[in-house]
>>> print(open('target.txt').read())   # compact mmCIF, C-alpha atoms and all ligand atoms
# COMPACT_ATOMS: atom_id res chain seq x y z
CA MET A 39 15.50 1.75 17.73
CA ARG A 40 12.53 1.79 20.07
CA THR A 41 12.51 1.92 23.82
CA TYR A 42 10.44 -0.63 25.73
CA ALA A 43 10.08 -1.27 29.44
CA MET A 44 8.84 -4.49 30.88
CA THR A 45 8.42 -6.34 34.15
CA GLY A 46 9.12 -10.04 34.51
CA GLY A 47 11.95 -10.14 32.00
CA ALA A 48 14.13 -12.58 33.96
CA THR A 49 12.52 -15.87 32.90
CA GLY A 50 9.84 -17.48 30.76
CA ILE A 51 7.72 -15.49 28.31
CA GLY A 52 9.18 -12.15 29.43
CA ALA A 53 12.79 -13.32 28.96
CA GLU A 54 11.97 -14.59 25.47
CA LEU A 55 10.24 -11.33 24.50
CA LYS A 56 13.13 -9.28 25.88
CA GLN A 57 15.61 -11.30 23.83
CA GLN A 58 13.52 -10.95 20.66
CA LEU A 59 13.11 -7.18 21.06
CA GLN A 60 16.80 -6.71 21.81
CA GLY A 61 17.65 -8.92 18.85
CA ALA A 62 15.62 -6.57 16.65
CA GLY A 63 17.79 -3.67 17.87
CA HIS A 64 15.48 -2.17 20.49
CA LYS A 65 16.32 -0.97 23.97
CA VAL A 66 14.54 -2.98 26.68
CA ILE A 67 14.45 -1.89 30.32
CA SER A 68 13.67 -4.88 32.49
CA VAL A 69 12.25 -4.80 36.01
CA ASP A 70 12.27 -8.03 37.99
CA ILE A 71 12.69 -9.41 41.49
CA LYS A 72 15.47 -11.78 40.33
CA GLU A 73 17.61 -9.95 37.79
CA GLY A 74 17.29 -7.00 35.47
CA ASP A 75 18.07 -3.32 35.01
CA ILE A 76 15.88 -2.54 38.00
CA LEU A 77 15.51 -4.94 40.90
CA ALA A 78 12.15 -4.53 42.58
CA ASP A 79 9.60 -6.61 44.46
CA LEU A 80 6.36 -5.63 42.77
CA SER A 81 4.23 -7.08 45.55
CA THR A 82 5.08 -4.03 47.66
CA ALA A 83 4.31 -0.33 47.30
CA GLU A 84 8.04 0.45 47.65
CA GLY A 85 8.91 -2.04 44.90
CA ARG A 86 6.31 -0.56 42.54
CA LYS A 87 7.69 2.94 43.20
CA ALA A 88 11.26 1.72 42.61
CA ALA A 89 10.12 0.15 39.33
CA VAL A 90 8.42 3.32 38.09
CA ASP A 91 11.22 5.64 39.27
CA GLY A 92 13.85 3.33 37.76
CA VAL A 93 12.16 3.23 34.36
CA ARG A 94 11.66 7.00 34.41
CA ALA A 95 15.38 7.51 35.04
CA LEU A 96 16.36 5.18 32.18
CA ALA A 97 13.77 6.40 29.64
CA PRO A 98 13.38 10.16 30.18
CA ASP A 99 12.36 10.71 26.54
CA GLY A 100 9.44 8.32 26.75
CA LEU A 101 8.43 4.74 26.03
CA ASP A 102 7.30 3.11 22.80
CA GLY A 103 5.85 0.28 24.81
CA PHE A 104 5.37 -1.16 28.27
CA ILE A 105 4.78 -4.83 28.98
CA PRO A 106 3.80 -5.62 32.59
CA CYS A 107 4.61 -9.32 32.29
CA ALA A 108 5.66 -10.31 35.83
CA GLY A 109 3.24 -12.76 37.34
CA LEU A 110 2.86 -15.46 39.96
CA PRO A 111 1.20 -18.86 39.47
CA PRO A 112 -1.99 -20.13 41.16
CA VAL A 113 0.20 -22.10 43.60
CA ALA A 114 1.97 -19.04 45.06
CA LYS A 115 1.34 -18.53 48.78
CA PRO A 116 -0.15 -16.59 50.42
CA LEU A 117 -2.74 -16.24 47.68
CA SER A 118 -2.86 -12.47 48.25
CA LEU A 119 0.63 -12.29 46.68
CA ILE A 120 -1.02 -13.24 43.39
CA ALA A 121 -3.46 -10.32 43.65
CA LYS A 122 -0.60 -7.99 44.52
CA VAL A 123 1.75 -8.95 41.68
CA ASN A 124 -0.70 -9.98 38.94
CA TYR A 125 -3.18 -7.15 39.37
CA PHE A 126 -2.25 -4.27 41.69
CA ALA A 127 1.39 -3.99 40.54
CA VAL A 128 0.26 -4.04 36.92
CA VAL A 129 -2.17 -1.16 37.38
CA ALA A 130 0.29 0.84 39.52
CA THR A 131 3.13 0.56 37.00
CA VAL A 132 0.94 1.30 33.97
CA GLU A 133 -0.46 4.39 35.68
CA GLY A 134 2.99 5.44 36.87
CA LEU A 135 4.40 5.29 33.33
CA ARG A 136 1.42 6.74 31.47
CA ASP A 137 2.98 10.11 30.68
CA LEU A 138 6.14 8.43 29.33
CA LEU A 139 3.92 6.36 27.01
CA GLU A 140 2.01 9.48 25.92
CA LYS A 141 5.30 11.18 24.99
CA LYS A 142 5.97 8.57 22.29
CA LYS A 143 2.37 7.49 21.56
CA GLY A 144 3.35 4.06 22.82
CA SER A 145 1.25 1.07 23.72
CA VAL A 146 0.77 -1.17 26.73
CA LEU A 147 0.67 -4.90 26.24
CA PHE A 148 -0.91 -6.57 29.28
CA VAL A 149 -0.40 -10.27 29.90
CA SER A 150 -3.75 -11.87 30.62
CA SER A 151 -4.42 -15.62 30.40
CA ASN A 152 -6.85 -18.02 28.79
CA SER A 153 -8.01 -18.63 32.36
CA ALA A 154 -9.38 -15.05 32.65
CA PRO A 155 -12.86 -15.90 31.29
CA MET A 156 -13.12 -18.78 33.78
CA ILE A 157 -14.05 -16.30 36.56
CA GLN A 158 -17.23 -14.25 36.36
CA ALA A 159 -16.91 -10.49 35.89
CA ASP A 160 -19.13 -9.86 38.92
CA ASP A 161 -17.07 -12.06 41.27
CA SER A 162 -16.50 -10.10 44.49
CA TYR A 163 -12.69 -10.55 44.36
CA VAL A 164 -12.56 -9.26 40.79
CA GLN A 165 -14.74 -6.34 41.81
CA SER A 166 -12.50 -5.48 44.79
CA CYS A 167 -9.51 -5.45 42.45
CA LEU A 168 -11.27 -3.17 39.97
CA ALA A 169 -12.36 -0.88 42.81
CA GLY A 170 -8.67 -0.50 43.67
CA ASN A 171 -9.24 -1.94 47.13
CA GLU A 172 -6.05 -3.94 47.62
CA GLU A 173 -6.70 -4.68 51.27
CA ALA A 174 -10.19 -6.10 50.64
CA ALA A 175 -9.07 -8.12 47.62
CA CYS A 176 -6.12 -9.59 49.55
CA THR A 177 -8.14 -10.43 52.66
CA GLU A 178 -10.84 -12.12 50.61
CA ILE A 179 -8.56 -14.12 48.34
CA ASP A 180 -6.51 -15.51 51.23
CA GLY A 181 -9.69 -17.39 52.18
CA ARG A 182 -10.41 -18.71 48.68
CA ASP A 183 -8.49 -20.95 46.21
CA GLY A 184 -5.47 -20.57 43.92
CA HIS A 185 -7.41 -20.93 40.68
CA THR A 186 -9.71 -18.03 41.64
CA ALA A 187 -6.76 -15.95 42.84
CA TYR A 188 -4.94 -16.39 39.52
CA ALA A 189 -7.74 -16.42 36.97
CA GLY A 190 -9.54 -13.63 38.86
CA SER A 191 -6.40 -11.46 38.75
CA LYS A 192 -6.22 -11.96 34.98
CA ARG A 193 -9.96 -11.31 34.56
CA ALA A 194 -9.52 -8.06 36.50
CA VAL A 195 -6.44 -6.97 34.53
CA THR A 196 -8.28 -7.58 31.27
CA MET A 197 -11.35 -5.65 32.41
CA TRP A 198 -9.14 -2.81 33.64
CA MET A 199 -7.50 -2.71 30.22
CA ARG A 200 -10.83 -2.61 28.37
CA ARG A 201 -12.30 0.01 30.70
CA HIS A 202 -9.35 2.36 30.15
CA VAL A 203 -9.02 2.03 26.37
CA VAL A 204 -10.90 5.23 25.50
CA GLU A 205 -9.20 7.35 28.14
CA TYR A 206 -5.68 6.20 27.23
CA ALA A 207 -6.34 6.40 23.48
CA ALA A 208 -7.25 10.09 23.95
CA GLY A 209 -3.60 10.57 24.99
CA GLY A 210 -2.35 8.48 22.06
CA VAL A 211 -1.70 5.31 24.09
CA ARG A 212 -3.16 2.00 22.92
CA LEU A 213 -3.92 -0.77 25.40
CA ASN A 214 -4.02 -4.45 24.40
CA ALA A 215 -3.63 -7.81 26.10
CA VAL A 216 -2.30 -11.19 25.12
CA ALA A 217 -3.96 -14.27 26.66
CA PRO A 218 -1.50 -17.17 26.61
CA GLY A 219 -2.55 -20.76 27.14
CA ILE A 220 -0.37 -23.20 29.08
CA THR A 221 3.24 -22.27 28.27
CA MET A 222 6.30 -24.23 29.35
CA THR A 223 8.00 -21.80 31.72
CA PRO A 224 9.18 -21.91 35.37
CA LEU A 225 5.66 -20.74 36.34
CA THR A 226 4.06 -23.78 34.71
CA GLU A 227 6.71 -26.10 36.16
CA ARG A 228 5.68 -24.89 39.62
CA VAL A 229 2.03 -25.63 38.88
CA TYR A 230 2.76 -29.06 37.35
CA ALA A 231 4.73 -29.99 40.49
CA ASP A 232 1.90 -28.99 42.83
CA ALA A 233 0.06 -31.81 44.62
CA GLU A 234 -3.28 -30.02 44.44
CA LEU A 235 -3.35 -28.36 40.99
CA GLY A 236 -0.64 -30.26 39.06
CA SER A 237 -2.66 -33.17 37.67
CA ALA A 238 -5.63 -31.00 36.59
CA MET A 239 -3.28 -28.62 34.81
CA LYS A 240 -1.48 -31.48 33.02
CA GLU A 241 -4.85 -32.93 31.93
CA PHE A 242 -5.81 -29.53 30.54
CA GLY A 243 -2.44 -29.41 28.74
CA ASP A 244 -3.22 -32.77 27.12
CA MET A 245 -6.52 -31.38 25.79
CA VAL A 246 -5.09 -28.38 23.89
CA PRO A 247 -6.67 -28.64 20.41
CA VAL A 248 -3.42 -28.15 18.46
CA GLY A 249 -1.94 -31.11 20.34
CA ARG A 250 0.76 -29.41 22.39
CA THR A 251 1.34 -26.76 25.03
CA ALA A 252 3.15 -23.55 24.07
CA GLN A 253 6.81 -22.67 24.22
CA PRO A 254 7.69 -19.09 25.30
CA ALA A 255 8.51 -18.17 21.68
CA ASP A 256 4.95 -19.08 20.57
CA ILE A 257 3.68 -16.33 22.83
CA ALA A 258 6.53 -13.81 22.41
CA ASN A 259 6.31 -13.96 18.60
CA VAL A 260 2.73 -12.70 18.76
CA MET A 261 3.54 -10.15 21.47
CA ARG A 262 6.34 -8.72 19.33
CA PHE A 263 3.86 -8.35 16.47
CA MET A 264 1.32 -6.69 18.77
CA LEU A 265 3.99 -4.14 19.76
CA SER A 266 5.07 -3.45 16.17
CA ASP A 267 4.04 -0.76 13.69
CA GLU A 268 2.16 -3.40 11.73
CA ALA A 269 -0.28 -3.63 14.64
CA SER A 270 -0.74 0.12 15.07
CA TYR A 271 -4.56 -0.10 14.71
CA LEU A 272 -4.82 -2.72 17.47
CA CYS A 273 -6.52 -1.13 20.46
CA GLY A 274 -8.49 -2.82 23.24
CA SER A 275 -7.86 -6.31 21.89
CA LEU A 276 -7.59 -9.44 23.97
CA PHE A 277 -5.57 -11.77 21.77
CA PHE A 278 -5.80 -15.48 22.73
CA VAL A 279 -2.61 -17.38 21.91
CA ASP A 280 -3.62 -20.70 23.37
CA GLY A 281 -3.65 -23.39 20.72
CA GLY A 282 -7.46 -23.28 20.56
CA SER A 283 -8.18 -23.88 24.27
CA ASP A 284 -10.52 -20.92 24.75
CA ALA A 285 -12.47 -21.75 21.58
CA MET A 286 -12.78 -25.33 22.82
CA LEU A 287 -14.18 -24.19 26.18
CA ARG A 288 -16.35 -21.28 24.98
CA PRO A 289 -17.14 -21.78 21.30
CA ASP A 290 -20.03 -19.30 21.26
CA ASP A 291 -18.51 -16.54 23.40
CA PHE A 292 -16.14 -13.94 22.04
P1 LIG A 301 7.89 -16.99 34.87
O1 LIG A 301 7.77 -17.44 36.27
O2 LIG A 301 8.92 -17.61 34.00
O3 LIG A 301 8.09 -15.41 34.79
C1 LIG A 301 7.53 -14.55 35.72
C2 LIG A 301 8.51 -13.43 36.00
O4 LIG A 301 7.92 -12.55 36.98
C3 LIG A 301 9.84 -13.92 36.58
O5 LIG A 301 10.91 -13.31 35.90
C4 LIG A 301 9.76 -13.51 38.02
O6 LIG A 301 11.01 -13.28 38.63
C5 LIG A 301 8.90 -12.25 37.94
N1 LIG A 301 8.29 -11.93 39.23
C6 LIG A 301 7.55 -12.76 40.01
N2 LIG A 301 7.21 -12.16 41.14
C7 LIG A 301 7.73 -10.90 41.09
C8 LIG A 301 7.72 -9.80 41.98
N3 LIG A 301 7.13 -9.87 43.19
N4 LIG A 301 8.36 -8.67 41.61
C9 LIG A 301 8.99 -8.60 40.40
N5 LIG A 301 9.03 -9.62 39.52
C10 LIG A 301 8.41 -10.76 39.87
O7 LIG A 301 6.44 -17.18 34.25
P2 LIG A 301 5.82 -16.98 32.79
O8 LIG A 301 5.00 -18.18 32.54
O9 LIG A 301 6.82 -16.55 31.80
O10 LIG A 301 4.80 -15.79 33.10
C11 LIG A 301 4.85 -14.53 32.46
C12 LIG A 301 3.44 -13.97 32.44
O11 LIG A 301 2.62 -14.80 31.61
C13 LIG A 301 2.75 -13.96 33.81
O12 LIG A 301 2.01 -12.76 33.95
C14 LIG A 301 1.83 -15.15 33.75
O13 LIG A 301 0.73 -15.01 34.61
C15 LIG A 301 1.43 -15.12 32.29
N6 LIG A 301 0.88 -16.38 31.78
C16 LIG A 301 1.63 -17.50 31.82
C17 LIG A 301 1.08 -18.69 31.34
C18 LIG A 301 1.85 -19.98 31.38
O14 LIG A 301 1.25 -21.04 31.15
N7 LIG A 301 3.15 -19.98 31.64
C19 LIG A 301 -0.22 -18.71 30.82
C20 LIG A 301 -0.95 -17.53 30.81
C21 LIG A 301 -0.38 -16.36 31.28
>>> encode(input="target.txt", output="structure tokens")
Amino acid sequence: MRTYAMTGGATGIGAELKQQLQGAGHKVISVDIKEGDILADLSTAEGRKAAVDGVRALAPDGLDGFIPCAGLPPVAKPLSLIAKVNYFAVVATVEGLRDLLEKKKGSVLFVSSNSAPMIQADDSYVQSCLAGNEEAACTEIDGRDGHTAYAGSKRAVTMWMRRHVVEYAAGGVRLNAVAPGITMTPLTERVYADAELGSAMKEFGDMVPVGRTAQPADIANVMRFMLSDEASYLCGSLFFVDGGSDAMLRPDDF
């Protein structure tokens, strides 16, 4: 039996992964704003501390894996909430649990998105995130658009992951990220229902090369593999699970 902690286990991809890991006999500690072992609002400093303290209390011997899966869609308002939950809470919880991961030579599986490459690495919002300047990132993004807020948060998370691979690996901790395409979860339902972004997102869903959008299990199956012993040489990988969407948009970039 392994011990995993995750955020965002109440619904969607996180709920499916939690169920699969538990079904395989593992212990899963779930942090979420709605329901879970630890109730915490990850958009706040207090919530992030409660999440880290709660996991530490429930897994004193260490973690085999941590999956910061909680996330908000591009239609969440104010847009700064997206930066707070999708980027700053992810970094704070990973850093807060680092020593528990080192104890068991565990791995972190970040949840990026196939939208991450849609924002340039040198975008000022992405750079504010990576500089750890939450106030500047939040102030800026509240004046921009939902797509940038969301995709930029995922671009920043992925860059943070890649930049910390060597440092974490020195302590025995591997960092990887999964990049799902459009997946039918409550998050996507919120986007589909949005007057501004809904129709563009549905059109993108109709263009997925394999001919369908994903179900949560399509993503969780791969995540479970990425967390398993069979994937123990995986380190620093960004794994697109998107039905071919990224290859369609950026055939020559990888
Ligand atoms: P979801 O809405 O079903 O799940 C998100 C979870 O995060 C929920 O359980 C929610 O309660 C939790 N959460 C939200 N705000 C929180 C907060 N402030 N504090 C604590 N928990 C909070 O959505 P999902 O589609 O399963 O998303 C899971 C992850 O996958 C997210 O990081 C999302 O960005 C990413 N993702 C989703 C898609 C997609 O198309 N659905 C595509 C790419 C990436």
>>> residues_around(input="target.txt", residues="Arg193 (chain A)", least_positions_apart="4", cutoff="8 Å", atoms="only C-alpha atoms", output="NGL selection string")
:A and (150 or 153-155 or 157 or 159 or 164 or 189 or 197)
>>> axis_aligned_box(input="target.txt", around="ligand LIG 301 (chain A)", padding_each_side="6 Å", output="lines of an AutoDock Vina configuration file")
center_x = 5.0
center_y = -14.8
center_z = 37.0
size_x = 24.0
size_y = 24.4
size_z = 24.4
>>> atom_distance(input="target.txt", atom1="CA of Phe104 (chain A)", atom2="CA of Ser145 (chain A)")
6.5 Å
>>> closest_residue(input="target.txt", among="A:Leu119, A:Leu138, A:Met222, A:Met156", to="Glu173 (chain A)", atoms="all atoms listed in the file")
A:Leu119
>>> residues_near_ligand(input="target.txt", ligand="ligand LIG 301 (chain A)", cutoff="8 Å", atoms="only C-alpha atoms and all ligand atoms", output="number ranges by chain")
A: 45-53, 69-73, 77-82, 85, 106-111, 119, 123-124, 149-153, 188, 192, 217-226, 252, 254
>>> atom_distance(input="target.txt", atom1="CA of Ala207 (chain A)", atom2="CA of Val146 (chain A)")
10.9 Å
>>> closest_residue(input="target.txt", among="A:Ala121, A:Ala258, A:Leu135, A:Met286", to="Met245 (chain A)", atoms="all atoms listed in the file")
A:Met286
>>> residues_around(input="target.txt", residues="Thr177 (chain A)", least_positions_apart="4", cutoff="12 Å", atoms="all atoms listed in the file", output="list in words")
Pro116, Leu117, Ser118, Leu119, Ala121, Lys122, Ser162, Tyr163, Ser166, Cys167, Asn171, Glu172, Glu173, Gly181, Arg182 and Ala187 of chain A
>>> write_last_selection(input="target.txt", atoms="C-alpha atoms", output="PDB file, in the coordinates of the input")
ATOM      1  CA  PRO A 116      -0.150 -16.590  50.420  1.00  0.00           C
ATOM      2  CA  LEU A 117      -2.740 -16.240  47.680  1.00  0.00           C
ATOM      3  CA  SER A 118      -2.860 -12.470  48.250  1.00  0.00           C
ATOM      4  CA  LEU A 119       0.630 -12.290  46.680  1.00  0.00           C
ATOM      5  CA  ALA A 121      -3.460 -10.320  43.650  1.00  0.00           C
ATOM      6  CA  LYS A 122      -0.600  -7.990  44.520  1.00  0.00           C
ATOM      7  CA  SER A 162     -16.500 -10.100  44.490  1.00  0.00           C
ATOM      8  CA  TYR A 163     -12.690 -10.550  44.360  1.00  0.00           C
ATOM      9  CA  SER A 166     -12.500  -5.480  44.790  1.00  0.00           C
ATOM     10  CA  CYS A 167      -9.510  -5.450  42.450  1.00  0.00           C
ATOM     11  CA  ASN A 171      -9.240  -1.940  47.130  1.00  0.00           C
ATOM     12  CA  GLU A 172      -6.050  -3.940  47.620  1.00  0.00           C
ATOM     13  CA  GLU A 173      -6.700  -4.680  51.270  1.00  0.00           C
ATOM     14  CA  GLY A 181      -9.690 -17.390  52.180  1.00  0.00           C
ATOM     15  CA  ARG A 182     -10.410 -18.710  48.680  1.00  0.00           C
ATOM     16  CA  ALA A 187      -6.760 -15.950  42.840  1.00  0.00           C
TER      17      ALA A 187
END
>>> closest_residue(input="target.txt", among="A:Leu235, A:Val129, A:Val279, A:Ala95", to="Val195 (chain A)", atoms="all atoms listed in the file")
A:Val129
>>> closest_residue(input="target.txt", among="A:Ala175, A:Leu96, A:Val211, A:Val260", to="Glu54 (chain A)", atoms="all atoms listed in the file")
A:Val260
>>> closest_residue(input="target.txt", among="A:Asp267, A:Glu227, A:Glu133, A:Asp284", to="Arg40 (chain A)", atoms="all atoms listed in the file")
A:Asp267
>>> atom_distance(input="target.txt", atom1="CA of Ala130 (chain A)", atom2="CA of Arg86 (chain A)")
6.9 Å
>>> residues_around(input="target.txt", residues="Gly100 (chain A)", least_positions_apart="5", cutoff="8 Å", atoms="all atoms listed in the file", output="mmCIF file with C-alpha atoms, in the frame of the given file")
data_model
loop_
_atom_site.group_PDB
_atom_site.id
_atom_site.type_symbol
_atom_site.label_atom_id
_atom_site.label_comp_id
_atom_site.auth_asym_id
_atom_site.auth_seq_id
_atom_site.Cartn_x
_atom_site.Cartn_y
_atom_site.Cartn_z
ATOM 1 C CA THR A 41 12.510 1.920 23.820
ATOM 2 C CA ASP A 137 2.980 10.110 30.680
ATOM 3 C CA LEU A 138 6.140 8.430 29.330
ATOM 4 C CA LEU A 139 3.920 6.360 27.010
ATOM 5 C CA GLU A 140 2.010 9.480 25.920
ATOM 6 C CA LYS A 141 5.300 11.180 24.990
ATOM 7 C CA LYS A 142 5.970 8.570 22.290
#
>>> closest_residue(input="target.txt", among="A:Ala43, A:Ala83, A:Ala169, A:Val248", to="His64 (chain A)", atoms="all atoms listed in the file")
A:Ala43
>>> residues_around(input="target.txt", residues="Gly209 (chain A)", least_positions_apart="3", cutoff="8 Å", atoms="only C-alpha atoms", output="ChimeraX atom specification")
/A:140,143,205-206
>>> decode(input="target.txt", residues="region 277-287 of chain A", atoms="all heavy atoms", output="PDB file, in the first residue's frame")
ATOM      1  N   PHE A 277       3.421  15.223 -20.151  1.00  0.00           N
ATOM      2  CA  PHE A 277       2.784  14.127 -20.885  1.00  0.00           C
ATOM      3  C   PHE A 277       1.412  14.617 -21.388  1.00  0.00           C
ATOM      4  O   PHE A 277       0.483  14.774 -20.605  1.00  0.00           O
ATOM      5  CB  PHE A 277       2.615  12.962 -19.898  1.00  0.00           C
ATOM      6  CG  PHE A 277       2.539  11.599 -20.490  1.00  0.00           C
ATOM      7  CD1 PHE A 277       3.136  10.529 -19.834  1.00  0.00           C
ATOM      8  CD2 PHE A 277       1.857  11.353 -21.659  1.00  0.00           C
ATOM      9  CE1 PHE A 277       3.068   9.243 -20.335  1.00  0.00           C
ATOM     10  CE2 PHE A 277       1.770  10.071 -22.177  1.00  0.00           C
ATOM     11  CZ  PHE A 277       2.380   9.014 -21.517  1.00  0.00           C
ATOM     12  N   PHE A 278       1.301  14.878 -22.702  1.00  0.00           N
ATOM     13  CA  PHE A 278       0.013  15.323 -23.263  1.00  0.00           C
ATOM     14  C   PHE A 278      -0.933  14.132 -23.380  1.00  0.00           C
ATOM     15  O   PHE A 278      -0.573  13.103 -23.957  1.00  0.00           O
ATOM     16  CB  PHE A 278       0.221  15.934 -24.652  1.00  0.00           C
ATOM     17  CG  PHE A 278       0.838  17.303 -24.604  1.00  0.00           C
ATOM     18  CD1 PHE A 278       2.214  17.470 -24.629  1.00  0.00           C
ATOM     19  CD2 PHE A 278       0.035  18.440 -24.516  1.00  0.00           C
ATOM     20  CE1 PHE A 278       2.784  18.732 -24.564  1.00  0.00           C
ATOM     21  CE2 PHE A 278       0.600  19.709 -24.445  1.00  0.00           C
ATOM     22  CZ  PHE A 278       1.980  19.859 -24.478  1.00  0.00           C
ATOM     23  N   VAL A 279      -2.115  14.287 -22.810  1.00  0.00           N
ATOM     24  CA  VAL A 279      -3.153  13.256 -22.938  1.00  0.00           C
ATOM     25  C   VAL A 279      -4.369  14.001 -23.479  1.00  0.00           C
ATOM     26  O   VAL A 279      -5.268  14.409 -22.739  1.00  0.00           O
ATOM     27  CB  VAL A 279      -3.456  12.581 -21.578  1.00  0.00           C
ATOM     28  CG1 VAL A 279      -4.412  11.405 -21.767  1.00  0.00           C
ATOM     29  CG2 VAL A 279      -2.163  12.088 -20.920  1.00  0.00           C
ATOM     30  N   ASP A 280      -4.350  14.252 -24.774  1.00  0.00           N
ATOM     31  CA  ASP A 280      -5.288  15.229 -25.335  1.00  0.00           C
ATOM     32  C   ASP A 280      -5.872  14.821 -26.689  1.00  0.00           C
ATOM     33  O   ASP A 280      -6.335  15.680 -27.443  1.00  0.00           O
ATOM     34  CB  ASP A 280      -4.595  16.598 -25.456  1.00  0.00           C
ATOM     35  CG  ASP A 280      -3.464  16.589 -26.471  1.00  0.00           C
ATOM     36  OD1 ASP A 280      -3.132  15.498 -26.985  1.00  0.00           O
ATOM     37  OD2 ASP A 280      -2.921  17.662 -26.760  1.00  0.00           O
ATOM     38  N   GLY A 281      -5.825  13.534 -26.975  1.00  0.00           N
ATOM     39  CA  GLY A 281      -6.437  13.070 -28.216  1.00  0.00           C
ATOM     40  C   GLY A 281      -5.788  13.640 -29.474  1.00  0.00           C
ATOM     41  O   GLY A 281      -6.400  13.617 -30.549  1.00  0.00           O
ATOM     42  N   GLY A 282      -4.574  14.160 -29.350  1.00  0.00           N
ATOM     43  CA  GLY A 282      -3.860  14.668 -30.530  1.00  0.00           C
ATOM     44  C   GLY A 282      -3.975  16.165 -30.745  1.00  0.00           C
ATOM     45  O   GLY A 282      -3.451  16.690 -31.735  1.00  0.00           O
ATOM     46  N   SER A 283      -4.632  16.880 -29.814  1.00  0.00           N
ATOM     47  CA  SER A 283      -4.868  18.322 -30.017  1.00  0.00           C
ATOM     48  C   SER A 283      -3.569  19.121 -30.092  1.00  0.00           C
ATOM     49  O   SER A 283      -3.423  19.993 -30.952  1.00  0.00           O
ATOM     50  CB  SER A 283      -5.729  18.895 -28.888  1.00  0.00           C
ATOM     51  OG  SER A 283      -6.933  18.198 -28.810  1.00  0.00           O
ATOM     52  N   ASP A 284      -2.632  18.840 -29.202  1.00  0.00           N
ATOM     53  CA  ASP A 284      -1.390  19.625 -29.213  1.00  0.00           C
ATOM     54  C   ASP A 284      -0.585  19.348 -30.486  1.00  0.00           C
ATOM     55  O   ASP A 284      -0.039  20.273 -31.097  1.00  0.00           O
ATOM     56  CB  ASP A 284      -0.548  19.310 -27.963  1.00  0.00           C
ATOM     57  CG  ASP A 284       0.710  20.179 -27.914  1.00  0.00           C
ATOM     58  OD1 ASP A 284       0.556  21.414 -27.825  1.00  0.00           O
ATOM     59  OD2 ASP A 284       1.819  19.632 -28.003  1.00  0.00           O
ATOM     60  N   ALA A 285      -0.555  18.099 -30.912  1.00  0.00           N
ATOM     61  CA  ALA A 285       0.163  17.765 -32.151  1.00  0.00           C
ATOM     62  C   ALA A 285      -0.502  18.450 -33.358  1.00  0.00           C
ATOM     63  O   ALA A 285       0.176  18.882 -34.295  1.00  0.00           O
ATOM     64  CB  ALA A 285       0.190  16.253 -32.349  1.00  0.00           C
ATOM     65  N   MET A 286      -1.814  18.567 -33.305  1.00  0.00           N
ATOM     66  CA  MET A 286      -2.539  19.243 -34.391  1.00  0.00           C
ATOM     67  C   MET A 286      -2.146  20.730 -34.447  1.00  0.00           C
ATOM     68  O   MET A 286      -1.918  21.275 -35.523  1.00  0.00           O
ATOM     69  CB  MET A 286      -4.050  19.109 -34.143  1.00  0.00           C
ATOM     70  CG  MET A 286      -4.941  19.902 -35.086  1.00  0.00           C
ATOM     71  SD  MET A 286      -6.690  19.663 -34.666  1.00  0.00           S
ATOM     72  CE  MET A 286      -6.836  20.612 -33.149  1.00  0.00           C
ATOM     73  N   LEU A 287      -2.039  21.348 -33.263  1.00  0.00           N
ATOM     74  CA  LEU A 287      -1.762  22.786 -33.219  1.00  0.00           C
ATOM     75  C   LEU A 287      -0.284  23.107 -33.414  1.00  0.00           C
ATOM     76  O   LEU A 287       0.050  24.145 -33.970  1.00  0.00           O
ATOM     77  CB  LEU A 287      -2.216  23.370 -31.870  1.00  0.00           C
ATOM     78  CG  LEU A 287      -3.722  23.376 -31.607  1.00  0.00           C
ATOM     79  CD1 LEU A 287      -3.988  23.887 -30.195  1.00  0.00           C
ATOM     80  CD2 LEU A 287      -4.446  24.248 -32.622  1.00  0.00           C
TER      81      LEU A 287
END
